[in-house]
file input-v7.txt (compact mmCIF, C-alpha atoms)
# COMPACT_ATOMS: atom_id res chain seq x y z
CA MET A 15 11.78 -22.55 2.93
CA ILE A 16 8.05 -23.31 2.77
CA THR A 17 7.49 -27.01 3.34
CA ARG A 18 4.75 -29.18 1.94
CA LYS A 19 3.06 -29.28 5.35
CA MET A 20 3.08 -25.48 5.54
CA TRP A 21 1.39 -25.20 2.14
CA LEU A 22 -1.19 -27.78 3.21
CA ALA A 23 -1.92 -25.75 6.34
CA LEU A 24 -2.40 -22.62 4.26
CA TRP A 25 -4.94 -24.36 2.04
CA MET A 26 -6.81 -25.98 4.94
CA LEU A 27 -7.04 -22.89 7.14
CA PRO A 28 -9.79 -21.19 5.09
CA ALA A 29 -12.08 -24.12 5.79
CA LEU A 30 -11.99 -23.11 9.46
CA ALA A 31 -13.39 -19.66 8.69
CA SER A 32 -17.12 -19.05 8.83
CA ALA A 33 -19.11 -15.88 8.36
CA GLY A 34 -21.38 -14.32 10.94
CA ASP A 35 -25.13 -14.73 11.10
CA SER A 36 -26.24 -14.10 7.51
CA ASP A 37 -29.90 -13.89 8.53
CA SER A 38 -29.31 -10.78 10.61
CA THR A 39 -29.48 -7.31 9.04
CA ALA A 40 -26.38 -6.26 10.96
CA GLU A 41 -23.61 -8.86 10.88
CA ARG A 42 -22.40 -9.63 14.40
CA TRP A 43 -19.02 -11.00 13.36
CA ASN A 44 -17.12 -12.28 10.35
CA LEU A 45 -13.88 -14.07 9.59
CA PHE A 46 -11.96 -14.08 6.31
CA TYR A 47 -8.59 -15.36 5.17
CA GLN A 48 -6.05 -14.52 2.47
CA ALA A 49 -2.72 -15.90 1.29
CA THR A 50 -0.57 -14.26 -1.37
CA SER A 51 2.69 -15.50 -2.83
CA ILE A 52 4.67 -13.48 -5.40
CA GLY A 53 7.61 -14.85 -7.34
CA GLN A 54 9.82 -12.40 -9.25
CA TYR A 55 12.86 -12.48 -11.51
CA HIS A 56 15.20 -9.98 -13.10
CA GLY A 57 18.16 -10.65 -15.34
CA THR A 58 21.38 -8.82 -16.06
CA PHE A 59 21.37 -5.17 -17.09
CA ARG A 60 23.82 -2.35 -17.81
CA SER A 61 25.66 -1.39 -14.62
CA PRO A 62 29.06 0.35 -14.96
CA TYR A 63 29.16 0.85 -11.18
CA ALA A 64 27.12 0.05 -8.07
CA GLY A 65 26.84 1.17 -4.46
CA ALA A 66 25.71 -0.21 -1.13
CA ASN A 67 22.00 0.20 -1.96
CA SER A 68 22.07 -0.66 -5.66
CA LEU A 69 19.99 -3.26 -7.44
CA GLN A 70 22.40 -6.10 -8.22
CA ASP A 71 23.15 -6.50 -11.93
CA TYR A 72 23.18 -10.32 -11.84
CA PRO A 73 20.01 -12.49 -12.11
CA GLU A 74 17.88 -12.66 -8.96
CA ARG A 75 14.88 -14.88 -8.20
CA ASP A 76 12.91 -14.06 -5.07
CA VAL A 77 9.61 -15.09 -3.49
CA SER A 78 7.40 -13.45 -0.85
CA LEU A 79 4.48 -14.88 1.11
CA THR A 80 1.84 -13.31 3.35
CA THR A 81 -1.13 -14.94 5.05
CA THR A 82 -3.74 -13.02 7.03
CA LEU A 83 -6.84 -13.71 9.11
CA PHE A 84 -9.41 -10.89 9.22
CA PHE A 85 -11.72 -10.97 12.24
CA GLY A 86 -14.49 -8.41 12.82
CA LEU A 87 -16.79 -8.17 15.84
CA ARG A 88 -19.74 -5.82 16.42
CA LEU A 89 -19.87 -4.64 20.05
CA ASP A 90 -23.05 -2.59 19.56
CA PRO A 91 -24.94 -1.25 16.51
CA ASN A 92 -22.34 1.47 15.90
CA THR A 93 -19.10 0.01 17.31
CA GLN A 94 -16.86 -2.58 15.67
CA VAL A 95 -13.50 -4.16 16.56
CA TYR A 96 -11.12 -5.59 13.95
CA PHE A 97 -8.25 -7.99 14.64
CA ASP A 98 -5.86 -9.20 11.90
CA PRO A 99 -2.96 -11.51 12.75
CA GLU A 100 -0.56 -11.97 9.84
CA VAL A 101 2.41 -14.12 8.84
CA ALA A 102 4.94 -12.82 6.30
CA GLY A 103 8.25 -13.95 4.93
CA GLY A 104 10.40 -13.93 1.83
CA ARG A 105 13.02 -11.84 0.12
CA GLY A 106 13.05 -8.86 -2.19
CA PHE A 107 15.59 -8.05 -4.88
CA SER A 108 18.93 -6.98 -3.39
CA GLY A 109 17.45 -6.74 0.10
CA VAL A 110 14.60 -4.49 -1.15
CA THR A 111 17.00 -1.83 -2.45
CA GLY A 112 17.96 -0.28 -5.77
CA ILE A 113 14.56 0.84 -7.12
CA ALA A 114 12.59 3.75 -5.66
CA ASP A 115 9.31 2.52 -7.17
CA PHE A 116 9.98 -1.01 -5.96
CA SER A 117 8.40 -3.91 -7.80
CA ASN A 118 6.69 -5.95 -5.05
CA GLY A 119 3.99 -4.25 -2.97
CA GLU A 120 4.02 -7.06 -0.42
CA MET A 121 7.65 -6.44 0.55
CA PRO A 122 7.01 -3.57 3.00
CA ARG A 123 5.33 -6.22 5.13
CA VAL A 124 8.24 -8.66 4.97
CA ALA A 125 11.07 -8.28 7.47
CA SER A 126 12.82 -11.65 7.15
CA ALA A 127 13.13 -14.63 4.82
CA ALA A 128 11.61 -17.05 7.35
CA PRO A 129 7.84 -16.56 7.80
CA LYS A 130 7.09 -14.80 11.10
CA PRO A 131 3.76 -14.03 12.78
CA TYR A 132 2.87 -10.52 13.98
CA LEU A 133 -0.10 -8.26 14.64
CA ALA A 134 -1.18 -6.45 11.49
CA ARG A 135 -4.31 -4.68 12.77
CA LEU A 136 -6.14 -4.23 16.04
CA TYR A 137 -8.49 -1.27 16.08
CA VAL A 138 -11.92 -0.11 17.16
CA ALA A 139 -14.28 2.00 15.02
CA HIS A 140 -17.35 3.90 16.22
CA ASP A 141 -19.98 5.73 14.14
CA PHE A 142 -21.96 8.76 15.28
CA GLY A 143 -24.94 8.96 12.94
CA PHE A 144 -26.91 12.00 11.77
CA GLY A 145 -30.39 11.62 10.27
CA SER A 146 -32.32 8.49 9.38
CA GLU A 147 -30.80 7.74 5.95
CA THR A 148 -28.53 4.67 5.82
CA GLU A 149 -26.31 2.86 3.33
CA ALA A 150 -25.83 -0.89 3.05
CA MET A 151 -22.33 -2.26 3.62
CA GLY A 152 -21.31 -5.67 2.33
CA SER A 153 -19.45 -8.23 4.40
CA GLU A 154 -15.76 -7.78 3.55
CA GLU A 155 -12.34 -8.03 5.08
CA ASN A 156 -12.31 -5.46 7.90
CA GLN A 157 -15.92 -4.52 7.16
CA LEU A 158 -18.97 -5.98 8.86
CA GLY A 159 -22.09 -6.30 6.75
CA GLY A 160 -25.11 -4.20 7.64
CA ASP A 161 -26.48 -0.67 7.47
CA ARG A 162 -24.45 2.39 8.48
CA PRO A 163 -25.71 5.97 8.78
CA MET A 164 -25.31 7.74 5.44
CA THR A 165 -24.20 10.90 7.20
CA ARG A 166 -21.80 9.94 9.97
CA TYR A 167 -18.77 10.91 11.99
CA THR A 168 -16.46 7.96 12.57
CA ILE A 169 -13.53 7.59 14.96
CA VAL A 170 -11.00 4.77 14.43
CA ALA A 171 -8.18 4.09 16.92
CA GLY A 172 -5.56 1.35 17.22
CA ARG A 173 -3.08 -0.43 14.96
CA PHE A 174 -3.61 -0.35 11.19
CA THR A 175 -2.03 0.86 7.98
CA VAL A 176 -3.03 4.43 7.12
CA THR A 177 -3.56 3.31 3.52
CA ASP A 178 -6.67 1.51 4.83
CA PHE A 179 -8.29 4.93 5.06
CA PHE A 180 -6.31 7.33 2.82
CA ASP A 181 -5.31 7.40 -0.87
CA ASN A 182 -7.84 4.73 -1.79
CA ASN A 183 -8.48 3.97 -5.46
CA ARG A 184 -10.89 1.49 -7.00
CA TYR A 185 -8.42 0.38 -9.69
CA THR A 186 -5.07 0.42 -7.91
CA HIS A 187 -4.79 0.06 -4.16
CA ASP A 188 -4.19 -3.60 -3.34
CA PRO A 189 -0.88 -5.24 -4.36
CA ARG A 190 -2.40 -8.65 -3.60
CA THR A 191 -4.87 -8.38 -6.47
CA GLN A 192 -3.98 -5.25 -8.51
CA PHE A 193 -0.78 -3.37 -9.41
CA MET A 194 2.33 -4.26 -7.38
CA ALA A 195 4.78 -1.39 -8.01
CA TRP A 196 4.95 0.91 -4.97
CA GLY A 197 4.45 4.14 -6.92
CA ILE A 198 1.43 2.75 -8.77
CA MET A 199 -0.39 0.99 -5.94
CA TYR A 200 -0.05 4.10 -3.71
CA ASN A 201 1.08 7.69 -4.06
CA GLY A 202 4.83 7.17 -3.80
CA ALA A 203 5.52 10.81 -2.89
CA TRP A 204 3.49 10.32 0.31
CA ASP A 205 6.06 9.15 2.87
CA TYR A 206 3.30 7.58 4.92
CA PRO A 207 3.98 6.58 8.56
CA ALA A 208 4.67 2.88 8.97
CA ASP A 209 7.07 0.31 10.30
CA THR A 210 8.98 -1.91 7.90
CA ARG A 211 5.87 -4.12 7.54
CA GLY A 212 3.65 -1.18 6.57
CA TYR A 213 1.65 -0.73 9.81
CA THR A 214 1.48 1.90 12.58
CA TRP A 215 -0.53 3.01 15.63
CA GLY A 216 -2.83 6.01 15.51
CA TRP A 217 -6.34 7.31 15.00
CA VAL A 218 -8.52 8.50 12.13
CA HIS A 219 -11.52 10.85 12.18
CA GLU A 220 -13.89 10.90 9.20
CA PHE A 221 -17.04 12.85 8.36
CA HIS A 222 -18.90 11.05 5.58
CA THR A 223 -21.91 12.11 3.48
CA ARG A 224 -23.51 10.74 0.32
CA ARG A 225 -21.32 12.74 -2.06
CA TRP A 226 -18.25 13.80 -0.10
CA SER A 227 -16.03 12.87 2.83
CA ILE A 228 -13.27 14.52 4.79
CA ARG A 229 -10.88 12.63 7.04
CA TYR A 230 -8.00 13.42 9.38
CA GLY A 231 -5.44 10.99 10.77
CA SER A 232 -2.52 11.09 13.17
CA ALA A 233 -0.10 8.18 13.49
CA ALA A 234 3.25 7.17 14.94
CA GLU A 235 6.51 7.41 12.97
CA PRO A 236 9.28 4.80 13.27
CA LYS A 237 12.24 5.67 15.52
CA VAL A 238 14.66 5.28 12.61
CA ALA A 239 14.15 5.19 8.85
CA ASN A 240 12.33 2.00 7.82
CA GLY A 241 12.47 0.74 11.41
CA LEU A 242 10.28 -1.74 13.28
CA ARG A 243 10.07 0.23 16.56
CA PHE A 244 8.02 3.41 16.92
CA ASP A 245 8.90 6.82 18.28
CA ARG A 246 6.71 7.29 21.37
CA ARG A 247 7.25 11.06 21.61
CA LEU A 248 3.98 11.68 19.81
CA PHE A 249 3.58 15.32 20.83
CA ARG A 250 6.76 16.05 18.88
CA ASP A 251 7.28 13.24 16.34
CA ARG A 252 4.27 11.93 14.41
CA SER A 253 2.52 12.14 11.05
CA ASP A 254 -0.67 14.14 10.45
CA MET A 255 -2.71 13.81 7.28
CA VAL A 256 -5.93 15.31 5.89
CA GLU A 257 -7.87 14.11 2.83
CA GLY A 258 -10.95 15.44 1.12
CA GLU A 259 -12.95 13.18 -1.21
CA VAL A 260 -15.68 14.07 -3.70
CA ARG A 261 -17.75 11.40 -5.45
CA TYR A 262 -19.70 12.21 -8.63
CA ARG A 263 -21.35 10.70 -11.72
CA LEU A 264 -20.25 11.62 -15.24
CA HIS A 265 -22.57 10.37 -18.00
CA ARG A 266 -23.92 7.75 -15.57
CA HIS A 267 -20.44 6.54 -14.64
CA ASP A 268 -18.95 6.92 -11.15
CA GLY A 269 -15.86 8.97 -10.49
CA THR A 270 -13.94 10.15 -7.43
CA VAL A 271 -11.42 12.90 -6.73
CA ARG A 272 -9.28 12.87 -3.58
CA LEU A 273 -6.89 15.57 -2.36
CA LEU A 274 -4.37 14.61 0.33
CA GLY A 275 -2.08 16.78 2.45
CA PHE A 276 0.41 15.56 5.07
CA THR A 277 3.04 16.75 7.53
CA ASN A 278 5.58 14.41 9.11
CA HIS A 279 7.69 15.20 12.17
CA SER A 280 10.42 12.63 12.81
CA ASP A 281 13.95 12.17 14.11
CA SER A 282 15.38 12.62 10.63
CA GLY A 283 17.92 14.71 8.72
CA THR A 284 17.98 17.05 5.76
CA TYR A 285 20.01 16.55 2.60
CA ALA A 286 21.39 20.11 2.70
CA ASP A 287 22.77 19.60 6.22
CA ALA A 288 24.32 16.27 5.19
CA LEU A 289 26.04 17.90 2.18
CA ALA A 290 27.28 20.83 4.27
CA LEU A 291 28.75 18.51 6.92
CA ALA A 292 30.44 16.41 4.25
CA ARG A 293 32.08 19.50 2.72
CA THR A 294 33.60 20.53 6.06
CA GLY A 295 35.07 17.08 6.57
CA ASN A 296 35.78 16.31 2.90
CA SER A 297 33.78 13.09 3.24
CA VAL A 298 30.78 11.29 1.80
CA PRO A 299 27.46 12.84 2.99
CA ASP A 300 25.60 10.81 5.61
CA ILE A 301 22.00 11.73 6.37
CA THR A 302 22.06 9.78 9.64
CA ALA A 303 24.75 12.12 11.03
CA VAL A 304 22.47 15.17 10.90
CA ARG A 305 19.23 13.75 12.30
CA ARG A 306 17.29 16.06 14.59
CA PRO A 307 14.08 15.38 16.53
CA GLY A 308 10.95 17.00 15.13
CA THR A 309 12.29 17.55 11.59
CA LEU A 310 9.41 18.55 9.31
CA LYS A 311 8.48 17.01 5.98
CA TYR A 312 5.30 17.92 4.11
CA GLY A 313 3.57 17.20 0.83
CA PHE A 314 0.40 16.82 -1.22
CA GLY A 315 -1.31 14.22 -3.38
CA LEU A 316 -4.09 14.16 -5.99
CA ASN A 317 -5.93 10.93 -6.71
CA LEU A 318 -8.44 10.39 -9.55
CA GLU A 319 -10.56 7.41 -10.58
CA GLN A 320 -13.17 7.32 -13.36
CA GLU A 321 -15.39 4.55 -14.62
CA ILE A 322 -15.51 4.78 -18.43
CA THR A 323 -17.77 1.79 -19.05
CA LYS A 324 -18.96 -0.92 -16.69
CA SER A 325 -15.84 -2.93 -17.54
CA VAL A 326 -13.26 -0.17 -18.16
CA GLY A 327 -11.84 2.27 -15.62
CA ALA A 328 -9.04 4.83 -15.62
CA PHE A 329 -7.00 6.31 -12.78
CA ALA A 330 -4.23 8.83 -12.12
CA ARG A 331 -2.19 10.16 -9.21
CA LEU A 332 0.03 13.20 -8.75
CA GLY A 333 2.31 13.55 -5.73
CA TRP A 334 4.78 16.10 -4.35
CA ASN A 335 6.76 16.53 -1.16
CA ASP A 336 9.31 19.15 -0.14
CA GLY A 337 12.23 16.88 -1.09
CA LYS A 338 14.47 18.41 1.59
CA THR A 339 14.07 15.79 4.29
CA GLU A 340 15.29 12.22 4.62
CA SER A 341 13.16 9.51 3.00
CA PHE A 342 11.96 7.85 6.17
CA ALA A 343 9.10 5.34 6.11
CA PHE A 344 7.87 4.43 2.61
CA THR A 345 10.22 5.15 -0.27
CA ALA A 346 12.54 7.71 -1.90
CA ILE A 347 10.15 9.56 -4.23
CA ASP A 348 9.75 13.37 -4.10
CA ARG A 349 7.65 13.83 -7.26
CA LEU A 350 5.20 11.36 -8.81
CA ALA A 351 2.88 11.16 -11.80
CA SER A 352 1.10 7.87 -12.53
CA ALA A 353 -1.83 6.84 -14.70
CA GLY A 354 -3.37 3.68 -16.07
CA VAL A 355 -6.35 1.70 -17.31
CA SER A 356 -8.04 -1.40 -15.85
CA ILE A 357 -10.39 -3.67 -17.86
CA THR A 358 -12.46 -6.55 -16.55
CA GLY A 359 -13.16 -9.57 -18.73
CA GLN A 360 -16.88 -9.35 -19.49
CA ARG A 361 -16.23 -9.01 -23.23
CA TRP A 362 -14.41 -12.34 -23.40
CA LYS A 363 -16.80 -14.01 -20.92
CA ARG A 364 -14.33 -13.92 -18.03
CA PRO A 365 -16.00 -11.35 -15.72
CA HIS A 366 -13.63 -11.99 -12.82
CA ASP A 367 -10.46 -11.58 -14.91
CA VAL A 368 -8.66 -8.24 -15.10
CA VAL A 369 -6.14 -6.87 -17.59
CA ALA A 370 -4.50 -3.56 -16.70
CA THR A 371 -1.57 -1.32 -17.60
CA ALA A 372 -0.01 1.75 -15.98
CA LEU A 373 2.99 4.08 -16.10
CA ALA A 374 4.61 5.86 -13.14
CA VAL A 375 7.22 8.61 -13.47
CA SER A 376 9.10 9.41 -10.26
CA GLY A 377 11.54 12.23 -9.53
CA LEU A 378 13.76 13.81 -6.87
CA SER A 379 14.34 17.35 -5.67
CA ALA A 380 17.62 18.98 -6.73
CA VAL A 381 19.20 18.73 -3.26
CA HIS A 382 18.14 15.08 -2.90
CA ALA A 383 19.73 14.24 -6.27
CA ALA A 384 22.91 16.13 -5.28
CA TYR A 385 23.13 14.13 -2.05
CA LEU A 386 23.00 10.84 -3.96
CA ALA A 387 25.41 12.10 -6.64
CA HIS A 388 28.01 12.79 -3.93
CA GLY A 389 27.75 9.19 -2.69
CA GLY A 390 25.06 9.54 -0.04
CA LEU A 391 22.66 6.72 0.80
CA ASP A 392 18.95 6.61 1.53
CA PHE A 393 17.63 3.53 3.32
CA LEU A 394 16.39 2.25 -0.05
CA ILE A 395 18.65 3.61 -2.81
CA GLY A 396 22.23 4.77 -3.32
CA ASP A 397 24.58 3.79 -6.17
CA GLY A 398 27.61 5.70 -4.84
CA ALA A 399 27.26 8.15 -7.75
CA LEU A 400 24.41 9.46 -9.87
CA ARG A 401 23.73 10.77 -13.36
CA TYR A 402 20.21 11.89 -12.55
CA GLY A 403 17.14 11.07 -14.59
CA PRO A 404 13.50 10.39 -13.66
CA GLU A 405 12.71 6.79 -12.81
CA TYR A 406 10.15 5.24 -15.18
CA VAL A 407 8.17 2.15 -14.22
CA SER A 408 5.60 0.65 -16.57
CA GLU A 409 3.53 -2.27 -15.33
CA SER A 410 1.00 -4.53 -17.03
CA TYR A 411 -0.76 -7.57 -15.64
CA TYR A 412 -3.41 -10.16 -16.38
CA SER A 413 -5.24 -11.62 -13.39
CA ALA A 414 -7.18 -14.84 -14.08
CA ARG A 415 -9.78 -16.45 -11.84
CA LEU A 416 -8.82 -20.13 -11.58
CA MET A 417 -11.69 -21.03 -9.27
CA PRO A 418 -13.76 -19.17 -6.67
CA GLY A 419 -11.31 -17.64 -4.20
CA VAL A 420 -8.19 -18.44 -6.22
CA ASP A 421 -6.57 -16.04 -8.71
CA ALA A 422 -3.29 -16.22 -10.63
CA THR A 423 -1.59 -13.16 -12.11
CA PHE A 424 1.15 -12.69 -14.65
CA ASP A 425 2.79 -9.30 -14.21
CA LEU A 426 5.51 -7.58 -16.26
CA GLN A 427 7.36 -4.42 -15.20
CA HIS A 428 9.95 -2.33 -17.03
CA VAL A 429 12.16 -0.04 -14.95
CA GLY A 430 14.02 2.78 -16.68
CA ASN A 431 16.74 4.67 -14.79
CA PRO A 432 16.50 2.53 -11.63
CA ALA A 433 17.15 4.66 -8.53
CA TYR A 434 17.11 7.74 -10.84
CA ASN A 435 20.41 6.72 -12.43
CA ARG A 436 20.73 7.10 -16.20
CA ASP A 437 23.97 5.07 -16.05
CA ARG A 438 22.14 1.89 -14.99
CA GLY A 439 19.35 -0.24 -16.44
CA PRO A 440 16.83 -0.67 -17.88
CA VAL A 441 15.49 -3.69 -15.98
CA TRP A 442 12.72 -6.12 -16.95
CA ILE A 443 10.86 -7.81 -14.07
CA PRO A 444 8.38 -10.62 -14.78
CA SER A 445 6.32 -11.83 -11.80
CA ILE A 446 3.79 -14.53 -11.01
CA ARG A 447 1.32 -14.02 -8.17
CA LEU A 448 -0.99 -16.58 -6.57
CA HIS A 449 -3.74 -15.16 -4.36
CA VAL A 450 -6.17 -17.21 -2.26
CA GLU A 451 -9.01 -15.60 -0.33
CA MET A 452 -12.08 -16.92 1.40
CA ARG A 453 -15.01 -14.53 1.43
CA LYS A 454 -18.54 -15.10 2.64
CA GLU A 455 -19.91 -16.15 -0.74
CA THR A 456 -17.14 -18.77 -1.09
CA LEU A 457 -17.78 -20.06 2.39
CA ARG A 458 -21.49 -20.39 1.66
CA ARG A 459 -20.77 -22.49 -1.42
CA ASN A 460 -18.45 -24.68 0.61
CA LYS A 461 -21.21 -25.23 3.18
CA LYS A 462 -23.74 -26.19 0.49
CA SER A 463 -21.35 -28.65 -1.08
call {"tool": "encode", "arguments": {"input": "input-v7.txt", "output": "structure tokens"}}
result
Amino acid sequence: MITRKMWLALWMLPALASAGDSDSTAERWNLFYQATSIGQYHGTFRSPYAGANSLQDYPERDVSLTTTLFFGLRLDPNTQVYFDPEVAGGRGFSGVTGIADFSNGEMPRVASAAPKPYLARLYVAHDFGFGSETEAMGSEENQLGGDRPMTRYTIVAGRFTVTDFFDNNRYTHDPRTQFMAWGIMYNGAWDYPADTRGYTWGWVHEFHTRRWSIRYGSAAEPKVANGLRFDRRLFRDRSDMVEGEVRYRLHRHDGTVRLLGFTNHSDSGTYADALALARTGNSVPDITAVRRPGTLKYGFGLNLEQEITKSVGAFARLGWNDGKTESFAFTAIDRLASAGVSITGQRWKRPHDVVATALAVSGLSAVHAAYLAHGGLDFLIGDGALRYGPEYVSESYYSARLMPGVDATFDLQHVGNPAYNRDRGPVWIPSIRLHVEMRKETLRRNKKS
């Protein structure tokens, strides 16, 4: 339980943060802070049966909390170090089970109800520049202000979440301020490498130009599905990912296309092997009984964003993976199509407000659905039986700026066929999110006052 003193500490901590030297062209260091709390509710719904990893059909009320400090330090003109300690706690519906496209994007970072501190990020980044042209970078969380070479080769190594560098999208990428459903905030068919909090160890290489970028990353997989500890046998078990990005202007409005490919090698099993073993023993299939080191999983993702007007933007994602191998690190989605629209509040004189809506349709491969229909369990879903149907999640939210650095969001999600089961649901999930962040412009105002 979060006490009054804890809340007071959360509100006072931002006052300790101060930005680097604002008079310098290249910022030497910066320090930012965020706190996000999400409260969610779902009521009763149709549920003729349930399994070990089902969403419970009785009302649930749950709250999550994360707080993060973001520290950046410039070692030389082209080398930066970033250090982010984080505290997270709370609960998710039914122990974060029962919905493949889960409703709270902060929950991958929450491992226990009681808030616990841990290291979110600790990495170094170095630019190798080509030519004299530069681009200006603003002072942001995990980004030092100053000029960077326009054409550059960058190496990043350390602890981070791979979503810091891959599958970005202007309109849906941050569950602390934008969409919260897993398959809308990210490409749900990308089983990206991470521990249960969403972070990993690895490196990223990127070649960046004015109009296009290409990046490659390699990162550690957890030892077991959704685990906290990592598999250290990196020459055999790891995730590799490549993404190409093209930026363009269409009728004076910016747009971006990204194409992602990934291969995962992990100590995991295949659904066909689990079904075959179950038939020989006349038992329920168990994916954990057929795990083998170095098992391959691969897939692709397409990511689109397009500014329509200065206040209206649209986005879409398509995702696919082979669907043969155990869902291991993110969630149980083999096929994904999502799209939506985001509108800022200039027209009603609320430029910092955002109203947005999106729909995500998730699916499984045939063998994955058969495994669940015979009573098998993934780490996230498993009703003991299955009458398969695509899982539909629609999400709409209104985010309102209460004061500089403080935003409140009302979010409403509708889940059809939760965990791909046409026998259960639908489920309505209203949420309220409070987000506090201290950026340089807020800190400057505080100093002046």
call {"tool": "closest_residue", "arguments": {"input": "input-v7.txt", "among": "A:Leu248, A:Gly202, A:Pro444, A:Met194", "to": "A:Ala114", "atoms": "all atoms listed in the file"}}
result
A:Gly202
call {"tool": "closest_atom_pairs", "arguments": {"input": "input-v7.txt", "of": "stretch 115-214 of chain A", "to": "stretch 89-104 of chain A", "cutoff": "10 Å", "atoms": "all atoms listed in the file", "output": "tab-separated table"}}
result
residue	atom	partner	partner_atom	distance
A:Glu120	CA	A:Ala102	CA	8.9
A:Met121	CA	A:Gly104	CA	8.1
A:Arg123	CA	A:Ala102	CA	6.7
A:Val124	CA	A:Gly103	CA	5.3
A:Ala125	CA	A:Gly103	CA	6.8
A:Ser126	CA	A:Gly103	CA	5.6
A:Ala127	CA	A:Gly104	CA	4.1
A:Ala128	CA	A:Gly103	CA	5.2
A:Pro129	CA	A:Gly103	CA	3.9
A:Lys130	CA	A:Val101	CA	5.2
A:Pro131	CA	A:Val101	CA	4.2
A:Tyr132	CA	A:Glu100	CA	5.6
A:Leu133	CA	A:Pro99	CA	4.7
A:Ala134	CA	A:Asp98	CA	5.4
A:Arg135	CA	A:Asp98	CA	4.9
A:Leu136	CA	A:Phe97	CA	4.5
A:Tyr137	CA	A:Tyr96	CA	5.5
A:Val138	CA	A:Val95	CA	4.4
A:Ala139	CA	A:Gln94	CA	5.3
A:His140	CA	A:Thr93	CA	4.4
A:Asp141	CA	A:Asn92	CA	5.2
A:Phe142	CA	A:Asn92	CA	7.3
A:Gly143	CA	A:Asn92	CA	8.5
A:Glu155	CA	A:Tyr96	CA	9.3
A:Asn156	CA	A:Tyr96	CA	6.2
A:Gln157	CA	A:Tyr96	CA	8.4
A:Leu158	CA	A:Gln94	CA	7.9
A:Gly160	CA	A:Pro91	CA	9.3
A:Asp161	CA	A:Pro91	CA	9.2
A:Arg162	CA	A:Asn92	CA	7.8
A:Pro163	CA	A:Asn92	CA	9.1
A:Thr168	CA	A:Asn92	CA	9.4
A:Ile169	CA	A:Thr93	CA	9.7
A:Val170	CA	A:Gln94	CA	9.5
A:Ala171	CA	A:Val95	CA	9.8
A:Gly172	CA	A:Tyr96	CA	9.5
A:Arg173	CA	A:Phe97	CA	9.2
A:Phe174	CA	A:Asp98	CA	9.2
A:Arg211	CA	A:Ala102	CA	8.8
call {"tool": "closest_atom_pairs", "arguments": {"input": "input-v7.txt", "of": "stretch 159-273 of chain A", "to": "stretch 65-87 of chain A", "cutoff": "12 Å", "atoms": "all atoms listed in the file", "output": "tab-separated table"}}
result
residue	atom	partner	partner_atom	distance
A:Gly159	CA	A:Gly86	CA	10.0
A:Pro189	CA	A:Thr80	CA	11.5
A:Arg190	CA	A:Thr80	CA	9.4
A:Arg211	CA	A:Thr80	CA	10.9
call {"tool": "closest_residue", "arguments": {"input": "input-v7.txt", "among": "A:Ile322, A:His388, A:Phe342, A:His219", "to": "A:Ser280", "atoms": "only C-alpha atoms"}}
result
A:Phe342
call {"tool": "closest_residue", "arguments": {"input": "input-v7.txt", "among": "A:Asp251, A:Glu321, A:Asp281, A:Asp245", "to": "A:His265", "atoms": "all atoms listed in the file"}}
result
A:Glu321
call {"tool": "closest_residue", "arguments": {"input": "input-v7.txt", "among": "A:Asn44, A:Gln427, A:Gln360, A:Thr214", "to": "A:Ser325", "atoms": "all atoms listed in the file"}}
result
A:Gln360
call {"tool": "residues_around", "arguments": {"input": "input-v7.txt", "residues": "A:Phe424", "least_positions_apart": "2", "cutoff": "6 Å", "atoms": "all atoms listed in the file", "output": "PyMOL selection string"}}
result
chain A and resi 411-412+445-446
call {"tool": "write_last_selection", "arguments": {"input": "input-v7.txt", "atoms": "C-alpha atoms", "output": "mmCIF file, in the frame of the given file"}}
result
data_model
loop_
_atom_site.group_PDB
_atom_site.id
_atom_site.type_symbol
_atom_site.label_atom_id
_atom_site.label_comp_id
_atom_site.auth_asym_id
_atom_site.auth_seq_id
_atom_site.Cartn_x
_atom_site.Cartn_y
_atom_site.Cartn_z
ATOM 1 C CA TYR A 411 -0.760 -7.570 -15.640
ATOM 2 C CA TYR A 412 -3.410 -10.160 -16.380
ATOM 3 C CA SER A 445 6.320 -11.830 -11.800
ATOM 4 C CA ILE A 446 3.790 -14.530 -11.010
#
call {"tool": "closest_residue", "arguments": {"input": "input-v7.txt", "among": "A:Asp421, A:Asp178, A:Asp268, A:Asp188", "to": "A:Leu318", "atoms": "only C-alpha atoms"}}
result
A:Asp268
call {"tool": "atom_distance", "arguments": {"input": "input-v7.txt", "atom1": "atom CA of A:Asp425", "atom2": "atom CA of A:Ser51"}}
result
13.0 Å
call {"tool": "closest_residue", "arguments": {"input": "input-v7.txt", "among": "A:Gln320, A:Thr175, A:Ser410, A:Thr186", "to": "A:Gly216", "atoms": "only C-alpha atoms"}}
result
A:Thr175
call {"tool": "atom_distance", "arguments": {"input": "input-v7.txt", "atom1": "atom CA of A:Phe221", "atom2": "atom CA of A:Pro207"}}
result
21.9 Å
call {"tool": "atom_distance", "arguments": {"input": "input-v7.txt", "atom1": "atom CA of A:Ala290", "atom2": "atom CA of A:Ala399"}}
result
17.5 Å
